[in-house]
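This is start-v6.cif (mmCIF, C-alpha atoms and all ligand atoms).
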data_protein
#
loop_
_atom_site.group_PDB
_atom_site.id
_atom_site.type_symbol
_atom_site.label_atom_id
_atom_site.label_comp_id
_atom_site.auth_asym_id
_atom_site.auth_seq_id
_atom_site.Cartn_x
_atom_site.Cartn_y
_atom_site.Cartn_z
ATOM 1 C CA MET A 183 -74.344 69.433 -19.477
ATOM 2 C CA ALA A 184 -76.210 67.117 -17.025
ATOM 3 C CA HIS A 185 -78.989 69.672 -16.565
ATOM 4 C CA PHE A 186 -81.709 66.997 -16.299
ATOM 5 C CA SER A 187 -79.886 64.314 -14.277
ATOM 6 C CA ASN A 188 -82.277 62.772 -11.731
ATOM 7 C CA LYS A 189 -85.234 63.898 -13.857
ATOM 8 C CA THR A 190 -87.587 61.447 -15.547
ATOM 9 C CA VAL A 191 -89.091 62.625 -18.838
ATOM 10 C CA VAL A 192 -92.062 60.974 -20.573
ATOM 11 C CA ILE A 193 -92.149 61.631 -24.327
ATOM 12 C CA VAL A 194 -95.219 60.602 -26.321
ATOM 13 C CA GLY A 195 -94.452 60.235 -30.025
ATOM 14 C CA ALA A 196 -90.780 59.536 -29.336
ATOM 15 C CA SER A 197 -89.735 57.169 -32.137
ATOM 16 C CA ALA A 198 -89.439 59.683 -35.006
ATOM 17 C CA GLY A 199 -89.312 63.343 -35.977
ATOM 18 C CA ILE A 200 -89.452 65.973 -33.252
ATOM 19 C CA GLY A 201 -90.019 63.468 -30.415
ATOM 20 C CA ALA A 202 -86.883 61.452 -31.247
ATOM 21 C CA GLU A 203 -84.816 64.661 -31.282
ATOM 22 C CA VAL A 204 -86.320 65.673 -27.934
ATOM 23 C CA ALA A 205 -85.329 62.253 -26.539
ATOM 24 C CA ARG A 206 -81.734 62.624 -27.804
ATOM 25 C CA ARG A 207 -81.434 66.079 -26.246
ATOM 26 C CA PHE A 208 -82.808 65.040 -22.841
ATOM 27 C CA ALA A 209 -80.595 61.923 -22.898
ATOM 28 C CA ALA A 210 -77.525 64.064 -23.606
ATOM 29 C CA GLN A 211 -78.412 66.114 -20.516
ATOM 30 C CA GLY A 212 -78.674 63.153 -18.169
ATOM 31 C CA ALA A 213 -82.441 62.474 -18.009
ATOM 32 C CA ARG A 214 -84.115 59.068 -17.557
ATOM 33 C CA LEU A 215 -86.558 58.539 -20.410
ATOM 34 C CA VAL A 216 -89.929 56.945 -20.995
ATOM 35 C CA LEU A 217 -90.500 56.699 -24.743
ATOM 36 C CA ALA A 218 -93.972 56.045 -26.164
ATOM 37 C CA ALA A 219 -95.251 55.434 -29.707
ATOM 38 C CA ARG A 220 -97.380 52.836 -31.518
ATOM 39 C CA GLY A 221 -94.762 50.951 -33.564
ATOM 40 C CA ALA A 222 -93.049 48.640 -31.049
ATOM 41 C CA ASP A 223 -90.061 47.556 -33.183
ATOM 42 C CA LYS A 224 -88.943 51.039 -34.206
ATOM 43 C CA LEU A 225 -89.411 52.258 -30.638
ATOM 44 C CA ALA A 226 -87.423 49.342 -29.184
ATOM 45 C CA ALA A 227 -84.546 49.920 -31.636
ATOM 46 C CA PHE A 228 -84.436 53.622 -30.802
ATOM 47 C CA ALA A 229 -84.568 52.918 -27.046
ATOM 48 C CA GLU A 230 -81.673 50.475 -27.426
ATOM 49 C CA SER A 231 -79.582 53.057 -29.311
ATOM 50 C CA LEU A 232 -80.041 55.494 -26.401
ATOM 51 C CA ARG A 233 -79.186 52.818 -23.805
ATOM 52 C CA THR A 234 -75.799 52.326 -25.469
ATOM 53 C CA THR A 235 -75.014 55.937 -24.498
ATOM 54 C CA GLY A 236 -75.761 55.120 -20.845
ATOM 55 C CA THR A 237 -79.317 56.477 -20.670
ATOM 56 C CA GLN A 238 -81.965 54.637 -18.612
ATOM 57 C CA VAL A 239 -84.890 54.086 -20.977
ATOM 58 C CA LEU A 240 -88.329 52.493 -20.678
ATOM 59 C CA ALA A 241 -90.078 51.958 -24.034
ATOM 60 C CA ILE A 242 -93.868 51.611 -24.030
ATOM 61 C CA SER A 243 -95.785 50.778 -27.154
ATOM 62 C CA MET A 244 -99.157 52.533 -26.935
ATOM 63 C CA ASP A 245 -101.776 54.312 -29.024
ATOM 64 C CA LEU A 246 -103.104 57.743 -28.019
ATOM 65 C CA GLY A 247 -106.422 56.672 -29.535
ATOM 66 C CA SER A 248 -106.894 54.344 -26.553
ATOM 67 C CA ASP A 249 -107.708 55.760 -23.092
ATOM 68 C CA ALA A 250 -106.572 52.448 -21.560
ATOM 69 C CA ASP A 251 -103.156 52.857 -23.236
ATOM 70 C CA CYS A 252 -102.835 56.413 -21.870
ATOM 71 C CA ARG A 253 -103.533 55.126 -18.336
ATOM 72 C CA ARG A 254 -101.089 52.228 -18.819
ATOM 73 C CA LEU A 255 -98.350 54.654 -19.927
ATOM 74 C CA ILE A 256 -98.642 56.646 -16.693
ATOM 75 C CA ASP A 257 -99.033 53.513 -14.507
ATOM 76 C CA GLU A 258 -96.004 51.714 -16.010
ATOM 77 C CA THR A 259 -93.889 54.867 -15.753
ATOM 78 C CA VAL A 260 -94.712 55.250 -12.051
ATOM 79 C CA ALA A 261 -94.232 51.504 -11.405
ATOM 80 C CA THR A 262 -90.776 51.577 -13.045
ATOM 81 C CA PHE A 263 -89.324 54.940 -12.023
ATOM 82 C CA GLY A 264 -91.511 55.879 -9.020
ATOM 83 C CA GLY A 265 -92.816 59.004 -10.783
ATOM 84 C CA PHE A 266 -91.785 61.547 -13.380
ATOM 85 C CA ASP A 267 -90.978 65.247 -13.692
ATOM 86 C CA ILE A 268 -91.686 66.229 -17.289
ATOM 87 C CA LEU A 269 -94.351 65.085 -19.771
ATOM 88 C CA ILE A 270 -94.042 65.952 -23.459
ATOM 89 C CA CYS A 271 -97.343 65.465 -25.345
ATOM 90 C CA ASN A 272 -95.899 65.453 -28.849
ATOM 91 C CA ALA A 273 -97.730 62.961 -31.098
ATOM 92 C CA ALA A 274 -100.636 63.933 -33.338
ATOM 93 C CA LEU A 275 -102.738 62.791 -36.270
ATOM 94 C CA HIS A 276 -103.445 64.897 -39.370
ATOM 95 C CA HIS A 277 -106.043 63.893 -41.969
ATOM 96 C CA ARG A 278 -105.520 66.666 -44.508
ATOM 97 C CA GLY A 279 -108.048 68.060 -46.972
ATOM 98 C CA SER A 280 -111.470 69.699 -46.780
ATOM 99 C CA VAL A 281 -113.860 68.609 -44.038
ATOM 100 C CA GLU A 282 -116.252 67.084 -46.607
ATOM 101 C CA SER A 283 -113.480 65.057 -48.270
ATOM 102 C CA ASN A 284 -112.648 63.383 -44.954
ATOM 103 C CA ASP A 285 -114.420 60.462 -43.337
ATOM 104 C CA ALA A 286 -116.408 61.529 -40.246
ATOM 105 C CA ASP A 287 -114.805 58.833 -38.059
ATOM 106 C CA ASP A 288 -111.317 59.968 -39.137
ATOM 107 C CA LEU A 289 -112.114 63.529 -38.041
ATOM 108 C CA ALA A 290 -113.445 62.279 -34.702
ATOM 109 C CA MET A 291 -110.256 60.205 -34.186
ATOM 110 C CA MET A 292 -108.150 63.297 -34.912
ATOM 111 C CA VAL A 293 -109.943 65.093 -32.051
ATOM 112 C CA HIS A 294 -109.366 62.023 -29.875
ATOM 113 C CA VAL A 295 -105.620 61.711 -30.540
ATOM 114 C CA ASN A 296 -104.764 65.427 -30.723
ATOM 115 C CA LEU A 297 -106.943 66.837 -27.941
ATOM 116 C CA ARG A 298 -108.688 64.247 -25.777
ATOM 117 C CA ALA A 299 -105.523 62.181 -25.242
ATOM 118 C CA PRO A 300 -103.215 65.051 -24.175
ATOM 119 C CA ILE A 301 -105.934 66.349 -21.815
ATOM 120 C CA LEU A 302 -106.328 62.863 -20.323
ATOM 121 C CA LEU A 303 -102.554 62.324 -20.006
ATOM 122 C CA THR A 304 -102.067 65.754 -18.427
ATOM 123 C CA ARG A 305 -104.875 65.141 -15.918
ATOM 124 C CA LEU A 306 -103.391 61.739 -15.041
ATOM 125 C CA ALA A 307 -99.936 63.319 -14.667
ATOM 126 C CA LEU A 308 -100.946 66.074 -12.218
ATOM 127 C CA PRO A 309 -101.019 64.070 -8.937
ATOM 128 C CA HIS A 310 -97.616 62.582 -9.757
ATOM 129 C CA LEU A 311 -96.113 65.988 -10.542
ATOM 130 C CA ARG A 312 -97.630 67.387 -7.312
ATOM 131 C CA SER A 313 -96.094 64.559 -5.291
ATOM 132 C CA ARG A 314 -92.654 65.606 -6.689
ATOM 133 C CA GLY A 315 -93.334 69.217 -5.612
ATOM 134 C CA GLY A 316 -93.692 70.386 -9.223
ATOM 135 C CA GLY A 317 -92.988 69.580 -12.845
ATOM 136 C CA THR A 318 -93.690 70.574 -16.433
ATOM 137 C CA VAL A 319 -96.007 69.429 -19.200
ATOM 138 C CA VAL A 320 -95.174 70.605 -22.732
ATOM 139 C CA GLN A 321 -97.948 70.382 -25.324
ATOM 140 C CA VAL A 322 -96.742 70.336 -28.929
ATOM 141 C CA ALA A 323 -99.362 72.354 -30.814
ATOM 142 C CA SER A 324 -98.896 74.107 -34.195
ATOM 143 C CA LEU A 325 -99.181 77.497 -35.868
ATOM 144 C CA ALA A 326 -102.379 75.936 -37.292
ATOM 145 C CA GLY A 327 -103.590 76.356 -33.697
ATOM 146 C CA CYS A 328 -102.894 80.120 -33.859
ATOM 147 C CA VAL A 329 -104.796 81.003 -37.039
ATOM 148 C CA PRO A 330 -107.781 79.078 -38.498
ATOM 149 C CA THR A 331 -106.381 76.962 -41.345
ATOM 150 C CA PRO A 332 -108.656 75.972 -44.259
ATOM 151 C CA GLY A 333 -107.767 72.527 -45.606
ATOM 152 C CA SER A 334 -106.881 71.498 -42.047
ATOM 153 C CA ALA A 335 -109.987 72.729 -40.205
ATOM 154 C CA THR A 336 -110.279 69.901 -37.656
ATOM 155 C CA TYR A 337 -106.525 69.668 -37.058
ATOM 156 C CA SER A 338 -106.469 73.448 -36.598
ATOM 157 C CA ALA A 339 -109.369 73.185 -34.117
ATOM 158 C CA THR A 340 -107.575 70.509 -32.065
ATOM 159 C CA LYS A 341 -104.408 72.613 -31.840
ATOM 160 C CA PHE A 342 -106.387 75.773 -30.884
ATOM 161 C CA GLY A 343 -108.051 73.635 -28.210
ATOM 162 C CA LEU A 344 -104.733 72.312 -26.955
ATOM 163 C CA ARG A 345 -103.287 75.823 -26.626
ATOM 164 C CA ALA A 346 -106.424 77.029 -24.792
ATOM 165 C CA PHE A 347 -106.280 74.021 -22.444
ATOM 166 C CA ALA A 348 -102.612 74.684 -21.702
ATOM 167 C CA ARG A 349 -103.093 78.410 -21.044
ATOM 168 C CA ALA A 350 -106.118 77.892 -18.786
ATOM 169 C CA LEU A 351 -104.559 75.025 -16.831
ATOM 170 C CA ASP A 352 -101.261 76.873 -16.421
ATOM 171 C CA ASP A 353 -103.282 79.675 -14.763
ATOM 172 C CA GLU A 354 -105.239 77.181 -12.625
ATOM 173 C CA LEU A 355 -101.962 75.750 -11.358
ATOM 174 C CA ARG A 356 -100.304 79.080 -10.545
ATOM 175 C CA GLY A 357 -98.197 78.736 -7.393
ATOM 176 C CA SER A 358 -98.238 74.917 -7.469
ATOM 177 C CA GLY A 359 -94.796 74.493 -9.036
ATOM 178 C CA ILE A 360 -96.415 72.767 -12.035
ATOM 179 C CA ARG A 361 -96.178 74.548 -15.388
ATOM 180 C CA ILE A 362 -98.087 73.735 -18.593
ATOM 181 C CA LYS A 363 -96.323 75.021 -21.723
ATOM 182 C CA VAL A 364 -96.837 75.060 -25.493
ATOM 183 C CA VAL A 365 -94.578 74.886 -28.521
ATOM 184 C CA SER A 366 -96.318 75.949 -31.732
ATOM 185 C CA PRO A 367 -94.235 75.249 -34.841
ATOM 186 C CA GLY A 368 -94.908 76.059 -38.480
ATOM 187 C CA PRO A 369 -93.867 73.373 -40.999
ATOM 188 C CA VAL A 370 -91.135 71.049 -39.704
ATOM 189 C CA ASP A 371 -88.839 68.875 -41.807
ATOM 190 C CA THR A 372 -90.269 65.446 -40.739
ATOM 191 C CA GLY A 373 -92.319 62.611 -42.194
ATOM 192 C CA PHE A 374 -95.447 64.237 -40.724
ATOM 193 C CA ILE A 375 -95.373 66.712 -43.600
ATOM 194 C CA LEU A 376 -92.922 65.236 -46.141
ATOM 195 C CA ASP A 377 -94.704 61.854 -46.397
ATOM 196 C CA ASP A 378 -97.952 63.674 -47.250
ATOM 197 C CA LEU A 379 -96.502 66.521 -49.327
ATOM 198 C CA ASP A 380 -99.133 66.495 -52.096
ATOM 199 C CA ARG A 381 -101.908 67.144 -49.552
ATOM 200 C CA VAL A 382 -100.175 69.870 -47.516
ATOM 201 C CA THR A 383 -101.724 73.304 -48.203
ATOM 202 C CA ASP A 384 -99.807 75.941 -50.185
ATOM 203 C CA LEU A 385 -100.300 78.309 -47.241
ATOM 204 C CA THR A 386 -98.496 75.924 -44.880
ATOM 205 C CA LEU A 387 -95.600 75.464 -47.305
ATOM 206 C CA SER A 388 -95.264 79.238 -47.742
ATOM 207 C CA GLN A 389 -93.712 79.434 -44.276
ATOM 208 C CA PRO A 390 -90.039 78.738 -43.522
ATOM 209 C CA MET A 391 -89.493 75.120 -42.520
ATOM 210 C CA SER A 392 -87.886 74.410 -39.131
ATOM 211 C CA THR A 393 -85.788 71.320 -38.475
ATOM 212 C CA ALA A 394 -86.885 68.739 -35.900
ATOM 213 C CA SER A 395 -83.723 69.606 -34.009
ATOM 214 C CA GLU A 396 -84.675 73.301 -33.756
ATOM 215 C CA VAL A 397 -88.150 72.470 -32.460
ATOM 216 C CA ALA A 398 -86.725 69.908 -30.019
ATOM 217 C CA ALA A 399 -84.294 72.512 -28.674
ATOM 218 C CA ALA A 400 -87.236 74.865 -28.042
ATOM 219 C CA ILE A 401 -89.156 72.087 -26.236
ATOM 220 C CA VAL A 402 -86.199 71.216 -23.984
ATOM 221 C CA ASP A 403 -85.530 74.921 -23.224
ATOM 222 C CA LEU A 404 -89.193 75.479 -22.398
ATOM 223 C CA SER A 405 -89.062 72.577 -19.926
ATOM 224 C CA SER A 406 -86.798 74.574 -17.664
ATOM 225 C CA ASN A 407 -87.476 78.271 -18.264
ATOM 226 C CA ASP A 408 -90.340 80.614 -17.286
ATOM 227 C CA ARG A 409 -91.784 81.175 -20.716
ATOM 228 C CA PHE A 410 -95.285 79.849 -21.556
ATOM 229 C CA GLU A 411 -95.137 79.415 -25.342
ATOM 230 C CA ARG A 412 -92.724 79.351 -28.273
ATOM 231 C CA LYS A 413 -94.161 80.035 -31.729
ATOM 232 C CA MET A 414 -91.590 79.204 -34.368
ATOM 233 C CA PRO A 415 -90.173 80.553 -36.481
ATOM 234 C CA TRP A 416 -91.076 83.838 -34.758
ATOM 235 C CA GLN A 417 -91.805 85.620 -38.082
ATOM 236 C CA SER A 418 -94.494 83.039 -38.903
ATOM 237 C CA GLY A 419 -95.779 83.372 -35.333
ATOM 238 C CA LEU A 420 -96.267 87.119 -35.892
ATOM 239 C CA LEU A 421 -97.998 86.463 -39.212
ATOM 240 C CA THR A 422 -100.472 84.026 -37.616
ATOM 241 C CA THR A 423 -101.256 86.537 -34.852
ATOM 242 C CA LEU A 424 -101.945 89.188 -37.491
ATOM 243 C CA GLY A 425 -104.046 86.732 -39.522
ATOM 244 C CA TYR A 426 -106.069 85.888 -36.395
ATOM 245 C CA ILE A 427 -106.820 89.430 -35.248
ATOM 246 C CA ALA A 428 -107.312 90.817 -38.791
ATOM 247 C CA PRO A 429 -108.740 88.041 -41.020
ATOM 248 C CA PHE A 430 -109.273 90.615 -43.780
ATOM 249 C CA VAL A 431 -105.498 91.246 -44.016
ATOM 250 C CA GLY A 432 -104.982 87.485 -44.054
ATOM 251 C CA ARG A 433 -107.314 87.104 -47.043
ATOM 252 C CA VAL A 434 -105.498 89.893 -48.934
ATOM 253 C CA VAL A 435 -101.985 88.439 -48.521
ATOM 254 C CA ARG A 436 -103.098 84.846 -48.949
ATOM 255 C CA PRO A 437 -102.704 84.604 -52.774
ATOM 256 C CA LEU A 438 -99.121 85.899 -52.470
ATOM 257 C CA LEU A 439 -98.305 83.412 -49.737
ATOM 258 C CA GLU A 440 -99.896 80.554 -51.693
ATOM 259 C CA ARG A 441 -97.718 81.349 -54.705
ATOM 260 C CA LYS A 442 -94.674 81.218 -52.437
ATOM 261 C CA GLY A 443 -95.949 77.894 -51.046
ATOM 262 C CA ARG A 444 -96.293 76.370 -54.534
ATOM 263 C CA ALA A 445 -92.664 77.284 -55.314
ATOM 264 C CA ALA A 446 -91.549 75.770 -51.985
ATOM 265 C CA ARG A 447 -93.465 72.559 -52.808
ATOM 266 C CA GLU A 448 -91.572 72.223 -56.121
ATOM 267 C CA ARG A 449 -88.231 72.683 -54.356
ATOM 268 C CA LEU A 450 -89.190 70.044 -51.785
ATOM 269 C CA ARG A 451 -90.311 67.608 -54.517
ATOM 270 C CA GLU A 452 -86.928 68.020 -56.231
ATOM 271 C CA ARG A 453 -85.111 67.469 -52.949
ATOM 272 C CA LEU A 454 -87.123 64.332 -52.141
ATOM 273 C CA ALA A 455 -86.639 62.939 -55.660
ATOM 274 C CA LYS A 456 -82.835 63.067 -55.310
ATOM 275 C CA PRO A 457 -81.359 59.717 -54.243
ATOM 276 C CA LEU A 458 -79.797 59.689 -50.757
ATOM 277 C CA ARG A 459 -75.989 59.632 -50.776
HETATM 278 N N1 LIG A 501 -93.963 68.246 -38.903
HETATM 279 C C1 LIG A 501 -94.662 69.361 -38.989
HETATM 280 O O1 LIG A 501 -94.707 70.011 -40.041
HETATM 281 C C2 LIG A 501 -95.402 69.876 -37.784
HETATM 282 C C3 LIG A 501 -95.839 71.221 -37.798
HETATM 283 C C4 LIG A 501 -96.521 71.721 -36.707
HETATM 284 C C5 LIG A 501 -96.765 70.902 -35.624
HETATM 285 N N2 LIG A 501 -96.332 69.611 -35.621
HETATM 286 C C6 LIG A 501 -96.647 68.787 -34.465
HETATM 287 O O2 LIG A 501 -95.463 68.198 -33.978
HETATM 288 C C7 LIG A 501 -95.773 66.954 -33.354
HETATM 289 C C8 LIG A 501 -94.820 65.889 -33.803
HETATM 290 O O3 LIG A 501 -94.788 65.835 -35.193
HETATM 291 P P1 LIG A 501 -93.591 65.197 -36.033
HETATM 292 O O4 LIG A 501 -93.428 66.051 -37.210
HETATM 293 O O5 LIG A 501 -92.431 64.904 -35.167
HETATM 294 O O6 LIG A 501 -94.290 63.816 -36.477
HETATM 295 P P2 LIG A 501 -93.649 62.419 -36.974
HETATM 296 O O7 LIG A 501 -92.287 62.629 -37.513
HETATM 297 O O8 LIG A 501 -94.690 61.812 -37.843
HETATM 298 O O9 LIG A 501 -93.513 61.554 -35.622
HETATM 299 C C9 LIG A 501 -94.681 61.249 -34.890
HETATM 300 C C10 LIG A 501 -94.342 60.376 -33.692
HETATM 301 O O10 LIG A 501 -95.565 60.154 -32.965
HETATM 302 C C11 LIG A 501 -95.865 58.739 -32.928
HETATM 303 N N3 LIG A 501 -97.325 58.607 -33.013
HETATM 304 C C12 LIG A 501 -98.123 58.945 -34.062
HETATM 305 N N4 LIG A 501 -99.391 58.647 -33.780
HETATM 306 C C13 LIG A 501 -99.425 58.138 -32.518
HETATM 307 C C14 LIG A 501 -100.458 57.647 -31.682
HETATM 308 N N5 LIG A 501 -101.727 57.588 -32.081
HETATM 309 N N6 LIG A 501 -100.123 57.183 -30.447
HETATM 310 C C15 LIG A 501 -98.834 57.200 -30.030
HETATM 311 N N7 LIG A 501 -97.813 57.664 -30.781
HETATM 312 C C16 LIG A 501 -98.104 58.113 -32.022
HETATM 313 C C17 LIG A 501 -95.095 58.164 -34.133
HETATM 314 O O11 LIG A 501 -94.756 56.786 -33.991
HETATM 315 P P3 LIG A 501 -95.817 55.645 -34.459
HETATM 316 O O12 LIG A 501 -96.273 56.029 -35.828
HETATM 317 O O13 LIG A 501 -95.029 54.368 -34.390
HETATM 318 O O14 LIG A 501 -96.915 55.683 -33.448
HETATM 319 C C18 LIG A 501 -93.815 59.011 -34.073
HETATM 320 O O15 LIG A 501 -92.973 58.543 -33.035
HETATM 321 C C19 LIG A 501 -97.257 66.685 -33.682
HETATM 322 O O16 LIG A 501 -98.037 67.077 -32.555
HETATM 323 C C20 LIG A 501 -97.567 67.636 -34.827
HETATM 324 O O17 LIG A 501 -98.918 68.037 -34.841
HETATM 325 C C21 LIG A 501 -95.655 69.076 -36.677
#
For the file at hand, write its structure as structure tokens.
Amino acid sequence: MAHFSNKTVVIVGASAGIGAEVARRFAAQGARLVLAARGADKLAAFAESLRTTGTQVLAISMDLGSDADCRRLIDETVATFGGFDILICNAALHHRGSVESNDADDLAMMVHVNLRAPILLTRLALPHLRSRGGGTVVQVASLAGCVPTPGSATYSATKFGLRAFARALDDELRGSGIRIKVVSPGPVDTGFILDDLDRVTDLTLSQPMSTASEVAAAIVDLSSNDRFERKMPWQSGLLTTLGYIAPFVGRVVRPLLERKGRAARERLRERLAKPLR
């Protein structure tokens, strides 16, 4: 099971949802962890819970909206562990709704957090990965980065950009031992979507929902195999490819999918309204 022993993994957006599951999986396979997120208390409590299982953990409170914080994350990681082998760029910001209903500064910050920050972190990581003789960066994108998504236009643009950056850089680095990968999920059962359910588009909710654990498993697998990207679930991945190359077909099936999405929203509302046992 100790597939990642002697590896150091930096996870940005590690205190909840997909990132926390990724941390648990790497910890179970022997990795040293650097966990990053904004909320210091939640992060510290999560780091402590992993330490009790014997994992070496450094917790760094930081905000992807700050370039200085991104630099500090890499510097403190190198100062503590001497370097790192895997970087998971997982956190993102999503202001939902039409472009005109959103504040201009909020849209600009979404580009900052979702695209500028992972590019900056990846660039800062490269010399350290080279000095280890190789390594992997996994960018967590979205199926909204595979087909243009009305109601999430800027978010969709940042995730398209992230996938393009990853593909181009992975080619640039061919032969270096450094791989840049992408995981592109549809809706995932986390606070990212459930805490904002009323504003999530019907189209998004029409797709089968993955669990954070399923997406985390794909991220960990991708860190050590040859594949470039996982779109998940694969059926939704196929649908987004079709919608991208044939927008006309996408417009025809859209009303059907939106009806399915409205039914899924009602089921989710009922589930969330039930008290936890
Ligand atoms: N859930 C979905 O339906 C879905 C679908 C497709 C793609 N994705 C992608 O999956 C990734 C993870 O989503 P998730 O569902 O796991 O989200 P989540 O449950 O909301 O968790 C987000 C994590 O990122 C941290 N974070 C948020 N903003 C940050 C910032 N500015 N700087 C540093 N850390 C920050 C959060 O902690 P703090 O709040 O304390 O900072 C938390 O640890 C995102 O890239 C998202 O775009 C999600």
Please give me, as an MDAnalysis selection string, the residues lying within 8 Å of ligand LIG 501 (chain A) when counting only C-alpha atoms and all ligand atoms.
chainID A and resid 194:202 218:222 224:225 243:247 271:276 295:296 321:326 341 366:376 391 394
If we count all atoms listed in the file and set the cut-off at 12 Å, which residues sit around A:Cys328, ignoring sequence neighbours fewer than 2 positions away in its own chain? Please answer as a PyMOL selection string.
chain A and resi 323-326+330-331+337-346+364-368+411-414+418-427
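Near (-90.0, 56.6, -18.7), the residues that fall inside 7 Å on the basis of all atoms listed in the file are Thr190, Val191, Val192, Arg214, Leu215, Val216, Leu217, Val239, Leu240, Thr259 and Phe263 of chain A.
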Residue IDs satisfying the PyMOL selection byres (((chain A and resi 359-361) around 6) and not hetatm), as number ranges by chain
A: 316-318, 352, 357-358, 362
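The interatomic distance for the pair atom CA of A:Gly212 and atom CA of A:Asn188 works out to 7.4 Å.
Closest to A:Ile242 among A:Leu311, A:Ala286, A:Ala400, A:Ile193 is A:Ile193, based on all atoms listed in the file.
Around stretch 303-305 of chain A, within 8 Å and counting all atoms listed in the file, the residues found are Cys252, Arg253, Ile256, Leu269, Ala299, Pro300, Ile301, Ala307, Leu308 and Val319 of chain A, once anything fewer than 2 positions away on its own chain is removed.
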For the selection just defined, write its residues with C-alpha atoms to a file, as a compact mmCIF listing (two decimals), keeping the file's coordinate frame.
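Just written: result-v6.txt:
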# COMPACT_ATOMS: atom_id res chain seq x y z
CA CYS A 252 -102.84 56.41 -21.87
CA ARG A 253 -103.53 55.13 -18.34
CA ILE A 256 -98.64 56.65 -16.69
CA LEU A 269 -94.35 65.08 -19.77
CA ALA A 299 -105.52 62.18 -25.24
CA PRO A 300 -103.22 65.05 -24.18
CA ILE A 301 -105.93 66.35 -21.82
CA ALA A 307 -99.94 63.32 -14.67
CA LEU A 308 -100.95 66.07 -12.22
CA VAL A 319 -96.01 69.43 -19.20
List, as a short mmCIF file (atom, residue, chain, number, x, y, z; two decimals) with C-alpha atoms, keeping the file's coordinate frame, every residue that the PyMOL selection byres (((chain A and resi 388) around 9) and not hetatm) selects in the file provided.
data_model
loop_
_atom_site.label_atom_id
_atom_site.label_comp_id
_atom_site.auth_asym_id
_atom_site.auth_seq_id
_atom_site.Cartn_x
_atom_site.Cartn_y
_atom_site.Cartn_z
CA THR A 383 -101.72 73.30 -48.20
CA ASP A 384 -99.81 75.94 -50.18
CA LEU A 385 -100.30 78.31 -47.24
CA THR A 386 -98.50 75.92 -44.88
CA LEU A 387 -95.60 75.46 -47.30
CA GLN A 389 -93.71 79.43 -44.28
CA PRO A 390 -90.04 78.74 -43.52
CA MET A 391 -89.49 75.12 -42.52
CA LEU A 439 -98.30 83.41 -49.74
CA GLU A 440 -99.90 80.55 -51.69
CA ARG A 441 -97.72 81.35 -54.70
CA LYS A 442 -94.67 81.22 -52.44
CA GLY A 443 -95.95 77.89 -51.05
CA ARG A 444 -96.29 76.37 -54.53
CA ALA A 445 -92.66 77.28 -55.31
CA ALA A 446 -91.55 75.77 -51.98
CA ARG A 447 -93.46 72.56 -52.81
#
Edge lengths and centre in Å to one decimal, as lines of an AutoDock Vina configuration file, of the axis-aligned box that encloses all listed atoms of stretch 340-357 of chain A with 5 Å added on every side?
center_x = -103.1
center_y = 75.1
center_z = -19.7
size_x = 19.9
size_y = 19.2
size_z = 34.7
Between A:Gly279, A:Leu355, A:Ala209, A:Ser313, which is the closest to A:Gly264 once you count all atoms listed in the file?
A:Ser313
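For the file at hand, the PyMOL selection byres (((chain A and resi 206) around 10) and not hetatm) resolves to Ala196, Gly201, Ala202, Glu203, Val204, Ala205, Arg207, Phe208, Ala209, Ala210, Gln211, Ala213, Leu215, Phe228, Ser231, Leu232, Thr237, Ser395 and Ala398 of chain A.
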